[in-house]
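Take a look at the structure set out below.
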Amino acid sequence: MTSQKTPQTMKPATAAKKLNVYLEATPAEFQEGVVSRDELNALQTSPPEWLRELRRNGPHPRQVVASKLGVSIGGLARGGITEALTTEQIEALKADSPEWLEQERATQAEVRKEAVRIKEKAAERRQRPS
C-alpha cells in the first residue's frame with residue numbers, strides 16, 4: 001500500500017505576499033485558485049509577464065511601498081498612505097519629498113542605527129570571557 005503525498009498548497013493571499021505583489025492586481029485565475037509550493041517556486045524562478053509587470057510597475061503592496069520609500073509601514077499610515085501605490089506614484093512621492101516622508105525616513109534611520117548598536121553590544125558581551 002503506497003500513500004500519495006498531497007501537495008502543500010496556500011491561499012492566493014499568502015502566495016501574493018511571498019511574491020511581494022498586491023493580490024488585487026493579480027489575474028483572476030491567480031486570485032480564485034490555490035497555489036501549490038511547486039507553482040510558487042516556478043513563479044519565483046521563472047515569473048510570467050504579468051508578474052514581471054506587477055513587480056516593475058505595481059501597484060505594490062504596502063510593505064514594498066514602505067521599503068521603496070525607506071520608511072516603516074506605520075510611517076506610511078502616519079503619512080496617510082493606506083492604499084497600494086504604483087512605481088510612478090512612489091517616484092512622484094520621492095520627488096515631492098513631503099515633510100512627513102522626510103520625518104519618517106529620519107525615524108527609520110534612527111531605528112536602524114539603534115538596532116546596529118544593540119547588535120554590536122550583544123556581540124561584545126558574547127566575546128567577553130565569563
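The chains in the C-alpha cells are called A, B, ... from first to last as shown; in each chain the residues are counted from 1, and the ligands are counted from 1 in the order shown.
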Residue set, region 3-130 of chain A restricted to strand (DSSP E or B), as a list in words
Thr9, Met10, Val35, Ser36, His60 and Leu85 of chain A
Quick one: residues within 7 Å of Ala15 (chain A), only C-alpha atoms counted, chain neighbours fewer than 5 positions away excluded, as a PyMOL selection string?
chain A and resi 10+35+40
Would you output that residue set with N, CA and C atoms, as a PDB file, in the first residue's frame?
ATOM      1  N   MET A  10      -1.362  26.829  -0.718  1.00  0.00           N
ATOM      2  CA  MET A  10      -1.589  28.040   0.073  1.00  0.00           C
ATOM      3  C   MET A  10      -2.652  28.883  -0.607  1.00  0.00           C
ATOM      4  N   VAL A  35      -2.488  27.896  -4.646  1.00  0.00           N
ATOM      5  CA  VAL A  35      -1.154  27.835  -5.231  1.00  0.00           C
ATOM      6  C   VAL A  35      -0.359  26.766  -4.492  1.00  0.00           C
ATOM      7  N   LEU A  40       4.440  28.024  -6.724  1.00  0.00           N
ATOM      8  CA  LEU A  40       5.067  29.219  -6.169  1.00  0.00           C
ATOM      9  C   LEU A  40       6.545  29.271  -6.563  1.00  0.00           C
TER      10      LEU A  40
END
So, counting only C-alpha atoms, which residue among A:Gly70, A:Gly33, A:Pro98, A:Pro47 is closest to Val111 (chain A)?
A:Gly70
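Of the listed residues (A:Ser36, A:Ala28, A:Gln103, A:Glu49), A:Ser36 comes nearest to Thr14 (chain A); the distances count only C-alpha atoms.
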When you draw a straight line from CA of Pro61 (chain A) to CA of Pro7 (chain A), how long is it in Å?
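Here the two named atoms are 27.5 Å from each other.
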Could you tell me, as a PyMOL selection string, which residues of chain A DSSP assigns to helix (DSSP H, G or I) when given the backbone?
chain A and resi 12-19+23-25+28-32+37-45+49-57+62-69+73-78+87-96+99-127
Considering only C-alpha atoms, can you say which of A:Ala122, A:Ala109, A:Leu43, A:Ala95 comes closest to Leu19 (chain A)?
A:Leu43
Surrounding residues of Ser72 (chain A) excluding itself and chain neighbours under 5 positions, 8 Å, only C-alpha atoms, as a ChimeraX atom specification:
/A:63,66-67,104,108
Using only N, CA and C atoms, please write the residues we just selected to a file, as a PDB file, in the first residue's frame.
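Written out: part-v4.pdb:
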ATOM      1  N   GLN A  63       4.080  46.833   2.158  1.00  0.00           N
ATOM      2  CA  GLN A  63       5.440  46.536   2.614  1.00  0.00           C
ATOM      3  C   GLN A  63       6.469  46.893   1.540  1.00  0.00           C
ATOM      4  N   ALA A  66       6.627  50.809   1.437  1.00  0.00           N
ATOM      5  CA  ALA A  66       7.411  51.282   2.580  1.00  0.00           C
ATOM      6  C   ALA A  66       8.906  51.092   2.322  1.00  0.00           C
ATOM      7  N   SER A  67       9.271  49.932   1.815  1.00  0.00           N
ATOM      8  CA  SER A  67      10.671  49.634   1.541  1.00  0.00           C
ATOM      9  C   SER A  67      11.244  50.578   0.485  1.00  0.00           C
ATOM     10  N   GLU A 104       9.702  60.535   8.552  1.00  0.00           N
ATOM     11  CA  GLU A 104       9.653  59.072   8.705  1.00  0.00           C
ATOM     12  C   GLU A 104      10.972  58.423   8.293  1.00  0.00           C
ATOM     13  N   GLN A 108      13.232  56.155  10.692  1.00  0.00           N
ATOM     14  CA  GLN A 108      13.673  54.819  10.272  1.00  0.00           C
ATOM     15  C   GLN A 108      15.191  54.701  10.373  1.00  0.00           C
TER      16      GLN A 108
END
